[in-house]
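Source file entry29.cif; content: mmCIF, C-alpha atoms and all ligand atoms.
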```
data_start
#
loop_
_atom_site.group_PDB
_atom_site.id
_atom_site.type_symbol
_atom_site.label_atom_id
_atom_site.label_comp_id
_atom_site.auth_asym_id
_atom_site.auth_seq_id
_atom_site.Cartn_x
_atom_site.Cartn_y
_atom_site.Cartn_z
ATOM 1 C CA MET A 127 31.084 -78.159 64.221
ATOM 2 C CA SER A 128 29.359 -75.018 65.442
ATOM 3 C CA LEU A 129 28.681 -73.107 68.630
ATOM 4 C CA LEU A 130 25.174 -72.327 67.390
ATOM 5 C CA PRO A 131 23.304 -74.889 69.569
ATOM 6 C CA TYR A 132 25.089 -73.641 72.686
ATOM 7 C CA TYR A 133 24.231 -69.939 72.800
ATOM 8 C CA ARG A 134 23.770 -68.521 76.281
ATOM 9 C CA GLU A 135 21.673 -65.672 77.660
ATOM 10 C CA LEU A 136 23.580 -62.643 78.910
ATOM 11 C CA GLY A 137 21.761 -62.263 82.222
ATOM 12 C CA ASP A 138 18.402 -60.598 81.633
ATOM 13 C CA THR A 139 19.488 -58.465 78.654
ATOM 14 C CA GLY A 140 17.724 -60.630 76.058
ATOM 15 C CA LEU A 141 21.063 -60.976 74.197
ATOM 16 C CA ARG A 142 22.006 -64.548 73.242
ATOM 17 C CA LEU A 143 25.761 -65.002 72.931
ATOM 18 C CA SER A 144 27.987 -67.677 71.513
ATOM 19 C CA PRO A 145 29.929 -69.171 74.439
ATOM 20 C CA LEU A 146 33.152 -68.088 72.728
ATOM 21 C CA GLY A 147 33.482 -64.519 71.502
ATOM 22 C CA LEU A 148 36.260 -63.074 69.393
ATOM 23 C CA GLY A 149 38.568 -60.540 71.043
ATOM 24 C CA THR A 150 40.005 -58.008 68.632
ATOM 25 C CA VAL A 151 42.846 -56.265 70.471
ATOM 26 C CA LYS A 152 45.315 -57.833 68.042
ATOM 27 C CA PHE A 153 43.415 -56.425 65.034
ATOM 28 C CA GLY A 154 44.496 -52.930 65.952
ATOM 29 C CA ARG A 155 47.206 -52.723 68.556
ATOM 30 C CA ASN A 156 50.613 -54.322 69.064
ATOM 31 C CA GLN A 157 52.197 -51.769 71.388
ATOM 32 C CA GLY A 158 51.896 -51.854 75.180
ATOM 33 C CA VAL A 159 50.238 -55.283 75.195
ATOM 34 C CA LYS A 160 51.155 -58.226 77.396
ATOM 35 C CA TYR A 161 51.052 -61.140 74.963
ATOM 36 C CA PRO A 162 53.922 -63.638 75.089
ATOM 37 C CA ASN A 163 55.073 -62.927 71.515
ATOM 38 C CA GLN A 164 55.389 -59.827 69.357
ATOM 39 C CA PHE A 165 53.189 -59.799 66.285
ATOM 40 C CA ALA A 166 52.391 -57.752 63.199
ATOM 41 C CA LEU A 167 48.851 -56.418 62.793
ATOM 42 C CA PRO A 168 46.911 -58.667 60.389
ATOM 43 C CA SER A 169 45.989 -57.414 56.911
ATOM 44 C CA ASP A 170 42.401 -56.451 56.060
ATOM 45 C CA GLN A 171 42.079 -59.670 54.066
ATOM 46 C CA ALA A 172 43.320 -61.756 57.004
ATOM 47 C CA ILE A 173 40.739 -60.120 59.296
ATOM 48 C CA ARG A 174 38.006 -60.572 56.684
ATOM 49 C CA ASN A 175 38.856 -64.282 56.484
ATOM 50 C CA LEU A 176 38.986 -64.645 60.268
ATOM 51 C CA LEU A 177 35.564 -62.986 60.632
ATOM 52 C CA ALA A 178 34.091 -65.296 57.994
ATOM 53 C CA GLN A 179 35.620 -68.306 59.730
ATOM 54 C CA ALA A 180 34.321 -67.152 63.131
ATOM 55 C CA HIS A 181 30.828 -66.704 61.701
ATOM 56 C CA ASP A 182 30.925 -70.156 60.086
ATOM 57 C CA LEU A 183 31.920 -71.639 63.454
ATOM 58 C CA GLY A 184 28.914 -69.996 65.134
ATOM 59 C CA VAL A 185 30.712 -67.116 66.877
ATOM 60 C CA ASN A 186 28.356 -64.123 67.112
ATOM 61 C CA LEU A 187 30.179 -61.802 69.519
ATOM 62 C CA LEU A 188 32.985 -59.380 68.685
ATOM 63 C CA ASP A 189 34.752 -57.498 71.434
ATOM 64 C CA THR A 190 36.514 -54.257 70.579
ATOM 65 C CA ALA A 191 37.373 -50.937 72.246
ATOM 66 C CA PRO A 192 38.661 -47.458 71.458
ATOM 67 C CA ALA A 193 41.765 -48.449 73.432
ATOM 68 C CA TYR A 194 42.525 -51.271 70.973
ATOM 69 C CA GLY A 195 44.327 -48.984 68.532
ATOM 70 C CA THR A 196 42.696 -49.179 65.090
ATOM 71 C CA SER A 197 40.463 -52.177 65.940
ATOM 72 C CA GLU A 198 37.123 -50.314 65.760
ATOM 73 C CA GLU A 199 37.919 -48.345 62.618
ATOM 74 C CA ARG A 200 39.196 -51.439 60.830
ATOM 75 C CA LEU A 201 36.145 -53.495 61.808
ATOM 76 C CA GLY A 202 33.630 -50.914 60.531
ATOM 77 C CA PRO A 203 34.237 -51.335 56.780
ATOM 78 C CA LEU A 204 35.028 -55.050 57.116
ATOM 79 C CA LEU A 205 31.615 -55.679 58.706
ATOM 80 C CA LYS A 206 29.740 -53.837 55.958
ATOM 81 C CA GLY A 207 26.622 -55.793 54.988
ATOM 82 C CA GLN A 208 26.897 -58.178 57.934
ATOM 83 C CA ARG A 209 25.822 -56.021 60.892
ATOM 84 C CA GLN A 210 22.843 -58.252 61.714
ATOM 85 C CA GLN A 211 24.966 -61.363 62.148
ATOM 86 C CA TRP A 212 27.104 -59.902 64.951
ATOM 87 C CA LEU A 213 26.718 -58.654 68.480
ATOM 88 C CA ILE A 214 29.250 -55.880 68.907
ATOM 89 C CA CYS A 215 30.708 -55.046 72.291
ATOM 90 C CA THR A 216 32.858 -51.945 72.673
ATOM 91 C CA LYS A 217 34.055 -49.850 75.618
ATOM 92 C CA VAL A 218 34.316 -46.340 76.985
ATOM 93 C CA GLY A 219 36.697 -44.686 79.409
ATOM 94 C CA GLU A 220 40.140 -45.718 78.193
ATOM 95 C CA GLU A 221 41.990 -44.044 75.353
ATOM 96 C CA PHE A 222 45.311 -45.236 73.983
ATOM 97 C CA ASP A 223 47.287 -42.511 72.223
ATOM 98 C CA ASN A 224 50.962 -42.372 71.288
ATOM 99 C CA GLY A 225 51.689 -45.553 73.179
ATOM 100 C CA GLU A 226 49.992 -44.475 76.431
ATOM 101 C CA SER A 227 46.639 -45.083 78.113
ATOM 102 C CA HIS A 228 44.618 -42.322 79.695
ATOM 103 C CA PHE A 229 41.157 -42.398 81.204
ATOM 104 C CA ASP A 230 38.075 -40.166 81.179
ATOM 105 C CA PHE A 231 34.811 -41.208 82.826
ATOM 106 C CA SER A 232 32.939 -37.913 82.389
ATOM 107 C CA ALA A 233 29.472 -37.697 80.827
ATOM 108 C CA ARG A 234 30.829 -35.597 77.967
ATOM 109 C CA HIS A 235 33.579 -38.043 77.078
ATOM 110 C CA THR A 236 31.274 -41.068 77.432
ATOM 111 C CA GLN A 237 28.713 -39.575 75.065
ATOM 112 C CA ALA A 238 31.389 -38.521 72.554
ATOM 113 C CA SER A 239 33.121 -41.910 72.763
ATOM 114 C CA VAL A 240 29.918 -43.846 72.043
ATOM 115 C CA GLU A 241 29.102 -41.536 69.122
ATOM 116 C CA ARG A 242 32.638 -42.057 67.766
ATOM 117 C CA SER A 243 32.303 -45.866 68.128
ATOM 118 C CA LEU A 244 29.041 -45.737 66.187
ATOM 119 C CA ARG A 245 30.771 -43.805 63.392
ATOM 120 C CA ARG A 246 33.872 -45.996 63.334
ATOM 121 C CA LEU A 247 31.874 -49.214 63.417
ATOM 122 C CA GLN A 248 29.477 -47.796 60.807
ATOM 123 C CA THR A 249 26.365 -48.717 62.729
ATOM 124 C CA ASP A 250 23.458 -46.973 64.438
ATOM 125 C CA TYR A 251 23.427 -49.090 67.594
ATOM 126 C CA LEU A 252 25.872 -50.964 69.797
ATOM 127 C CA ASP A 253 24.824 -54.212 71.438
ATOM 128 C CA LEU A 254 27.027 -53.787 74.479
ATOM 129 C CA VAL A 255 29.146 -51.007 75.908
ATOM 130 C CA LEU A 256 31.438 -51.684 78.851
ATOM 131 C CA VAL A 257 33.342 -49.261 81.021
ATOM 132 C CA HIS A 258 37.060 -49.836 80.610
ATOM 133 C CA SER A 259 38.064 -49.279 84.232
ATOM 134 C CA ASP A 260 41.482 -47.985 85.279
ATOM 135 C CA GLY A 261 41.354 -50.285 88.319
ATOM 136 C CA ASN A 262 39.833 -47.755 90.743
ATOM 137 C CA ASP A 263 36.532 -49.492 90.162
ATOM 138 C CA LEU A 264 34.372 -47.988 92.930
ATOM 139 C CA GLN A 265 35.578 -44.477 92.126
ATOM 140 C CA VAL A 266 34.837 -45.027 88.440
ATOM 141 C CA LEU A 267 31.333 -46.242 89.283
ATOM 142 C CA ASP A 268 30.752 -43.030 91.290
ATOM 143 C CA ASP A 269 31.691 -40.965 88.230
ATOM 144 C CA GLU A 270 29.299 -39.931 85.441
ATOM 145 C CA VAL A 271 29.975 -42.831 83.091
ATOM 146 C CA TYR A 272 27.385 -45.342 84.319
ATOM 147 C CA PRO A 273 24.413 -42.899 84.446
ATOM 148 C CA THR A 274 25.408 -41.710 80.967
ATOM 149 C CA LEU A 275 25.378 -45.262 79.620
ATOM 150 C CA GLN A 276 21.971 -45.784 81.242
ATOM 151 C CA LYS A 277 20.708 -42.719 79.380
ATOM 152 C CA LEU A 278 22.189 -43.939 76.072
ATOM 153 C CA LYS A 279 20.439 -47.263 76.626
ATOM 154 C CA GLN A 280 17.121 -45.494 77.161
ATOM 155 C CA GLN A 281 17.745 -43.609 73.900
ATOM 156 C CA GLY A 282 18.254 -46.930 72.073
ATOM 157 C CA LEU A 283 21.847 -46.244 71.012
ATOM 158 C CA ILE A 284 23.081 -49.150 73.100
ATOM 159 C CA ARG A 285 21.230 -52.329 74.011
ATOM 160 C CA ALA A 286 23.009 -53.122 77.265
ATOM 161 C CA PHE A 287 25.924 -51.853 79.325
ATOM 162 C CA GLY A 288 28.328 -53.082 81.946
ATOM 163 C CA PHE A 289 31.760 -52.872 83.434
ATOM 164 C CA SER A 290 35.178 -54.357 82.788
ATOM 165 C CA GLY A 291 36.932 -53.961 86.100
ATOM 166 C CA LYS A 292 39.626 -55.416 88.284
ATOM 167 C CA THR A 293 38.073 -55.872 91.734
ATOM 168 C CA VAL A 294 35.371 -57.981 93.363
ATOM 169 C CA GLU A 295 33.737 -54.940 94.998
ATOM 170 C CA GLY A 296 33.669 -53.113 91.672
ATOM 171 C CA GLY A 297 32.313 -56.093 89.763
ATOM 172 C CA ILE A 298 29.473 -56.622 92.210
ATOM 173 C CA ARG A 299 28.517 -52.934 92.414
ATOM 174 C CA ALA A 300 28.642 -52.790 88.611
ATOM 175 C CA LEU A 301 26.218 -55.705 88.371
ATOM 176 C CA GLU A 302 23.848 -54.120 90.896
ATOM 177 C CA GLN A 303 23.646 -50.996 88.742
ATOM 178 C CA GLY A 304 24.111 -52.396 85.224
ATOM 179 C CA ASP A 305 23.555 -55.396 82.966
ATOM 180 C CA CYS A 306 26.825 -57.297 82.940
ATOM 181 C CA ALA A 307 30.478 -57.470 83.902
ATOM 182 C CA MET A 308 33.603 -58.545 82.059
ATOM 183 C CA VAL A 309 35.820 -60.423 84.465
ATOM 184 C CA THR A 310 39.322 -61.904 84.407
ATOM 185 C CA TYR A 311 38.995 -65.602 85.183
ATOM 186 C CA ASN A 312 41.453 -68.303 84.205
ATOM 187 C CA LEU A 313 43.557 -71.137 85.586
ATOM 188 C CA LYS A 314 46.091 -68.643 86.985
ATOM 189 C CA GLU A 315 43.736 -65.952 88.291
ATOM 190 C CA GLN A 316 40.419 -66.643 90.014
ATOM 191 C CA SER A 317 40.224 -63.915 92.661
ATOM 192 C CA GLU A 318 37.202 -62.297 90.959
ATOM 193 C CA ARG A 319 35.164 -65.512 91.121
ATOM 194 C CA PRO A 320 32.709 -63.972 93.688
ATOM 195 C CA VAL A 321 31.548 -61.643 90.888
ATOM 196 C CA LEU A 322 30.545 -64.694 88.846
ATOM 197 C CA ASP A 323 28.681 -66.176 91.810
ATOM 198 C CA PHE A 324 26.876 -62.866 92.450
ATOM 199 C CA ALA A 325 25.868 -62.674 88.789
ATOM 200 C CA LEU A 326 24.419 -66.163 88.918
ATOM 201 C CA SER A 327 22.260 -65.448 91.950
ATOM 202 C CA HIS A 328 21.038 -62.108 90.508
ATOM 203 C CA ASN A 329 20.483 -63.130 86.863
ATOM 204 C CA LYS A 330 23.206 -60.837 85.530
ATOM 205 C CA GLY A 331 25.528 -61.527 82.634
ATOM 206 C CA ILE A 332 29.231 -62.372 82.701
ATOM 207 C CA LEU A 333 31.804 -62.089 79.943
ATOM 208 C CA ILE A 334 35.247 -63.506 80.591
ATOM 209 C CA LYS A 335 38.406 -61.740 79.468
ATOM 210 C CA LYS A 336 41.861 -63.349 79.393
ATOM 211 C CA ALA A 337 40.437 -66.889 79.585
ATOM 212 C CA LEU A 338 43.834 -68.123 78.357
ATOM 213 C CA ALA A 339 45.755 -65.634 80.559
ATOM 214 C CA SER A 340 46.499 -63.596 77.419
ATOM 215 C CA GLY A 341 48.148 -66.656 75.879
ATOM 216 C CA HIS A 342 50.578 -67.295 78.747
ATOM 217 C CA LEU A 343 48.475 -70.303 79.681
ATOM 218 C CA CYS A 344 49.234 -71.853 76.305
ATOM 219 C CA LEU A 345 52.973 -71.989 76.984
ATOM 220 C CA ALA A 346 52.924 -74.879 79.443
ATOM 221 C CA GLY A 347 50.925 -77.817 80.723
ATOM 222 C CA GLU A 348 49.015 -80.573 79.100
ATOM 223 C CA ASP A 349 46.232 -79.380 76.811
ATOM 224 C CA PRO A 350 46.076 -75.869 78.331
ATOM 225 C CA VAL A 351 43.303 -74.625 76.037
ATOM 226 C CA GLN A 352 41.056 -77.517 77.010
ATOM 227 C CA GLN A 353 41.787 -77.042 80.721
ATOM 228 C CA GLY A 354 41.403 -73.263 80.497
ATOM 229 C CA LEU A 355 38.096 -73.295 78.635
ATOM 230 C CA LYS A 356 36.769 -76.091 80.836
ATOM 231 C CA LEU A 357 37.162 -73.941 83.940
ATOM 232 C CA VAL A 358 35.533 -70.914 82.375
ATOM 233 C CA LEU A 359 32.610 -72.556 80.580
ATOM 234 C CA ALA A 360 31.714 -74.654 83.622
ATOM 235 C CA HIS A 361 30.502 -71.604 85.559
ATOM 236 C CA PRO A 362 26.800 -71.152 84.767
ATOM 237 C CA ALA A 363 26.966 -67.347 85.011
ATOM 238 C CA VAL A 364 29.374 -67.169 82.079
ATOM 239 C CA ALA A 365 27.624 -66.188 78.868
ATOM 240 C CA SER A 366 30.767 -65.961 76.776
ATOM 241 C CA ALA A 367 34.532 -66.213 77.043
ATOM 242 C CA ILE A 368 36.127 -63.620 74.786
ATOM 243 C CA VAL A 369 39.259 -65.218 73.404
ATOM 244 C CA GLY A 370 41.629 -63.066 71.397
ATOM 245 C CA THR A 371 43.198 -64.592 68.327
ATOM 246 C CA ILE A 372 44.499 -63.670 64.902
ATOM 247 C CA THR A 373 45.506 -67.246 64.069
ATOM 248 C CA PRO A 374 42.870 -69.203 62.105
ATOM 249 C CA LEU A 375 44.128 -72.538 63.414
ATOM 250 C CA HIS A 376 43.757 -71.336 67.014
ATOM 251 C CA LEU A 377 40.237 -70.074 66.348
ATOM 252 C CA GLU A 378 39.269 -73.455 64.965
ATOM 253 C CA GLN A 379 40.972 -75.274 67.830
ATOM 254 C CA ASN A 380 39.280 -73.074 70.453
ATOM 255 C CA VAL A 381 35.810 -73.574 69.010
ATOM 256 C CA HIS A 382 36.425 -77.278 68.558
ATOM 257 C CA THR A 383 37.531 -77.568 72.181
ATOM 258 C CA ALA A 384 34.584 -75.521 73.465
ATOM 259 C CA VAL A 385 32.043 -77.577 71.499
ATOM 260 C CA ALA A 386 33.550 -80.830 72.792
ATOM 261 C CA LEU A 387 33.308 -79.525 76.367
ATOM 262 C CA LEU A 388 29.732 -78.330 75.906
ATOM 263 C CA VAL A 389 28.682 -81.644 74.353
ATOM 264 C CA SER A 390 30.172 -83.494 77.326
ATOM 265 C CA GLN A 391 28.254 -81.242 79.750
ATOM 266 C CA GLU A 392 24.895 -82.072 78.129
HETATM 267 P P1 LIG A 401 43.381 -64.399 75.839
HETATM 268 O O1 LIG A 401 42.167 -64.492 75.020
HETATM 269 O O2 LIG A 401 43.448 -65.087 77.140
HETATM 270 O O3 LIG A 401 44.656 -64.882 74.993
HETATM 271 C C1 LIG A 401 44.908 -64.404 73.706
HETATM 272 C C2 LIG A 401 46.287 -64.909 73.311
HETATM 273 O O4 LIG A 401 46.274 -66.339 73.331
HETATM 274 C C3 LIG A 401 46.704 -64.460 71.945
HETATM 275 O O5 LIG A 401 48.036 -64.027 71.965
HETATM 276 C C4 LIG A 401 46.539 -65.704 71.082
HETATM 277 O O6 LIG A 401 47.533 -65.796 70.083
HETATM 278 C C5 LIG A 401 46.698 -66.829 72.079
HETATM 279 N N1 LIG A 401 45.864 -67.978 71.738
HETATM 280 C C6 LIG A 401 44.531 -68.006 71.515
HETATM 281 N N2 LIG A 401 44.120 -69.250 71.239
HETATM 282 C C7 LIG A 401 45.214 -70.032 71.287
HETATM 283 C C8 LIG A 401 45.437 -71.423 71.066
HETATM 284 N N3 LIG A 401 44.439 -72.252 70.743
HETATM 285 N N4 LIG A 401 46.717 -71.894 71.189
HETATM 286 C C9 LIG A 401 47.738 -71.073 71.508
HETATM 287 N N5 LIG A 401 47.575 -69.742 71.716
HETATM 288 C C10 LIG A 401 46.334 -69.226 71.614
HETATM 289 O O7 LIG A 401 43.779 -62.885 76.176
HETATM 290 P P2 LIG A 401 43.391 -61.424 75.717
HETATM 291 O O8 LIG A 401 43.456 -61.252 74.238
HETATM 292 O O9 LIG A 401 44.199 -60.518 76.587
HETATM 293 O O10 LIG A 401 41.904 -61.299 76.198
HETATM 294 C C11 LIG A 401 40.831 -61.724 75.394
HETATM 295 C C12 LIG A 401 39.979 -60.565 74.975
HETATM 296 O O11 LIG A 401 39.391 -59.977 76.130
HETATM 297 C C13 LIG A 401 40.746 -59.423 74.298
HETATM 298 O O12 LIG A 401 40.997 -59.683 72.928
HETATM 299 C C14 LIG A 401 39.797 -58.305 74.537
HETATM 300 O O13 LIG A 401 38.758 -58.351 73.587
HETATM 301 C C15 LIG A 401 39.286 -58.605 75.943
HETATM 302 N N6 LIG A 401 40.063 -57.908 76.988
HETATM 303 C C16 LIG A 401 39.480 -56.927 77.642
HETATM 304 C C17 LIG A 401 40.171 -56.248 78.609
HETATM 305 C C18 LIG A 401 39.492 -55.141 79.330
HETATM 306 O O14 LIG A 401 40.076 -54.497 80.175
HETATM 307 N N7 LIG A 401 38.250 -54.936 79.062
HETATM 308 C C19 LIG A 401 41.474 -56.554 78.931
HETATM 309 C C20 LIG A 401 42.049 -57.591 78.260
HETATM 310 C C21 LIG A 401 41.321 -58.256 77.296
HETATM 311 P P3 LIG A 401 47.093 -65.969 68.530
HETATM 312 O O15 LIG A 401 46.589 -64.624 68.103
HETATM 313 O O16 LIG A 401 48.325 -66.401 67.840
HETATM 314 O O17 LIG A 401 46.034 -67.044 68.523
#
```

Once you've parsed the file, please lay out its structure as structure tokens.
Ligand code: NAP
Amino acid sequence: MSLLPYYRELGDTGLRLSPLGLGTVKFGRNQGVKYPNQFALPSDQAIRNLLAQAHDLGVNLLDTAPAYGTSEERLGPLLKGQRQQWLICTKVGEEFDNGESHFDFSARHTQASVERSLRRLQTDYLDLVLVHSDGNDLQVLDDEVYPTLQKLKQQGLIRAFGFSGKTVEGGIRALEQGDCAMVTYNLKEQSERPVLDFALSHNKGILIKKALASGHLCLAGEDPVQQGLKLVLAHPAVASAIVGTITPLHLEQNVHTAVALLVSQE
């Protein structure tokens, strides 16, 4: 069982993504998160095993961010020798220090943040960099961050860039000016669906965050993972749903479910 035959194009970026990506918030941060249960950060060996399992299942996309605590700096050494087998997505704009988030969308911070991600992830390029919006999406897009990412793309440090926002207006503007958007879309929350529709008609890429409503979806209902992934993967603009997990059984179950859905759509 593998996602390999079902890779999808991320808009017109030339990147081909597994339809499920691996979210790595829980690799590095367990404070100020909205998951249903508390958890301990996994050991290096547990992450190493999870990465190997994800690769074996055909997952090629890892989603991290400076705001995910130690996620980036833990991934760097663990990915040593396997850079080519992954597409790495990280973010700029949000910092999480001493239990609190703060935001900086200036050119100087954007440049420094990308350079720091390159160092932490021990690589000389990033496949995708997304703006981690604070929710004031249009204001953020008027700031220096997007032009700076465009410049970094021209310099070859990043292959594509986009926006992880919270509004329809922001998502659409972000797609007009960039390569892709990361959108919340799940059985409980579909208000940003117009962003997906816009992406489809303009050949732009969509990544889904919180496909399982940060795990809250899994607490009730009949086969919530199947229902949740069915909704998300059915939209043709969606290149990949980034599902966060540190539980090997869940990773296997999610991929299994996604493959079954994709087979049935053929
Ligand atoms: P999610 O993927 O909707 O849900 C993750 C939660 O669901 C985890 O607590 C996980 O627990 C649980 N889970 C996963 N598979 C399961 C299964 N088969 N059965 C039962 N429970 C299951 O939510 P998310 O982590 O908030 O979002 C996904 C990713 O999107 C993040 O990791 C991150 O990379 C990205 N994200 C980005 C932003 C942004 O602003 N850019 C915001 C939020 C998230 P276990 O670990 O026990 O499996």

Box for ligand LIG 401 (chain A): with edges along x, y and z, all listed atoms inside and 6 Å added on each side, what are the centre and edge lengths in Å to one decimal, as AutoDock Vina command-line options?
```
--center_x 43.3 --center_y -63.4 --center_z 74.0 --size_x 22.1 --size_y 29.8 --size_z 24.3
```

Determine, counting all atoms listed in the file, which protein, DNA and RNA residues have an atom within 9 Å of an atom of Arg319 in chain A; residues of the same chain fewer than 6 positions away are not included. Present the result as number ranges by chain. A: 294, 309-311

Residues at most 10 Å from Ile173 in chain A, counting all atoms listed in the file, excluding those fewer than 6 positions away in the same chain, as number ranges by chain? A: 150, 153, 167, 179, 200-201, 204, 372-374

Kindly assemble as JSON lines a list of the chain A residues that lie within 6 Å of ligand LIG 401 (chain A), each paired with its nearest atom pair and their distance in Å to one decimal, using only C-alpha atoms and all ligand atoms, sorted first by chain and then by ascending residue number.
```
{"residue": "A:Gly149", "atom": "CA", "partner": "A:LIG401", "partner_atom": "O12", "distance": 3.2}
{"residue": "A:Thr150", "atom": "CA", "partner": "A:LIG401", "partner_atom": "O12", "distance": 4.7}
{"residue": "A:Val151", "atom": "CA", "partner": "A:LIG401", "partner_atom": "O12", "distance": 4.6}
{"residue": "A:Tyr161", "atom": "CA", "partner": "A:LIG401", "partner_atom": "O5", "distance": 5.1}
{"residue": "A:Asp189", "atom": "CA", "partner": "A:LIG401", "partner_atom": "O13", "distance": 4.6}
{"residue": "A:Thr190", "atom": "CA", "partner": "A:LIG401", "partner_atom": "O13", "distance": 5.6}
{"residue": "A:His258", "atom": "CA", "partner": "A:LIG401", "partner_atom": "N7", "distance": 5.5}
{"residue": "A:Ser290", "atom": "CA", "partner": "A:LIG401", "partner_atom": "N7", "distance": 4.9}
{"residue": "A:Lys335", "atom": "CA", "partner": "A:LIG401", "partner_atom": "O11", "distance": 3.9}
{"residue": "A:Lys336", "atom": "CA", "partner": "A:LIG401", "partner_atom": "O2", "distance": 3.3}
{"residue": "A:Ala337", "atom": "CA", "partner": "A:LIG401", "partner_atom": "O2", "distance": 4.3}
{"residue": "A:Leu338", "atom": "CA", "partner": "A:LIG401", "partner_atom": "O2", "distance": 3.3}
{"residue": "A:Ala339", "atom": "CA", "partner": "A:LIG401", "partner_atom": "O2", "distance": 4.2}
{"residue": "A:Ser340", "atom": "CA", "partner": "A:LIG401", "partner_atom": "O7", "distance": 3.1}
{"residue": "A:Gly341", "atom": "CA", "partner": "A:LIG401", "partner_atom": "O4", "distance": 3.2}
{"residue": "A:Cys344", "atom": "CA", "partner": "A:LIG401", "partner_atom": "C9", "distance": 5.1}
{"residue": "A:Val351", "atom": "CA", "partner": "A:LIG401", "partner_atom": "N3", "distance": 5.9}
{"residue": "A:Ile368", "atom": "CA", "partner": "A:LIG401", "partner_atom": "C12", "distance": 4.9}
{"residue": "A:Val369", "atom": "CA", "partner": "A:LIG401", "partner_atom": "O1", "distance": 3.4}
{"residue": "A:Gly370", "atom": "CA", "partner": "A:LIG401", "partner_atom": "O12", "distance": 3.8}
{"residue": "A:Thr371", "atom": "CA", "partner": "A:LIG401", "partner_atom": "O15", "distance": 3.4}
{"residue": "A:Ile372", "atom": "CA", "partner": "A:LIG401", "partner_atom": "O15", "distance": 3.9}
{"residue": "A:Thr373", "atom": "CA", "partner": "A:LIG401", "partner_atom": "O17", "distance": 4.5}
{"residue": "A:His376", "atom": "CA", "partner": "A:LIG401", "partner_atom": "N3", "distance": 3.9}
{"residue": "A:Gln379", "atom": "CA", "partner": "A:LIG401", "partner_atom": "N3", "distance": 5.4}
{"residue": "A:Asn380", "atom": "CA", "partner": "A:LIG401", "partner_atom": "N3", "distance": 5.2}
```

How many Å separate CA of Lys292 in chain A from CA of Cys215 in chain A? 18.3 Å

Pick out the closest residue to Pro203 in chain A from this set: A:Glu392, A:Glu348, A:Asp170, A:Glu302. Count only C-alpha atoms.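 Counting only C-alpha atoms, the residue closest to Pro203 in chain A is A:Asp170.
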
Rank nothing, just name the residue among A:Ala300, A:Leu275, A:Leu254, A:Leu247 nearest to Leu187 in chain A, using only C-alpha atoms.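 When distances to Leu187 in chain A are compared using only C-alpha atoms, the smallest one comes from A:Leu254.
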
Using all atoms listed in the file, pick whichever of A:Glu315, A:Asp323, A:Asp253, A:Asp268 has the shortest atom-to-atom distance to Arg142 in chain A.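 The shortest atom-to-atom distance to Arg142 in chain A comes from A:Asp253.
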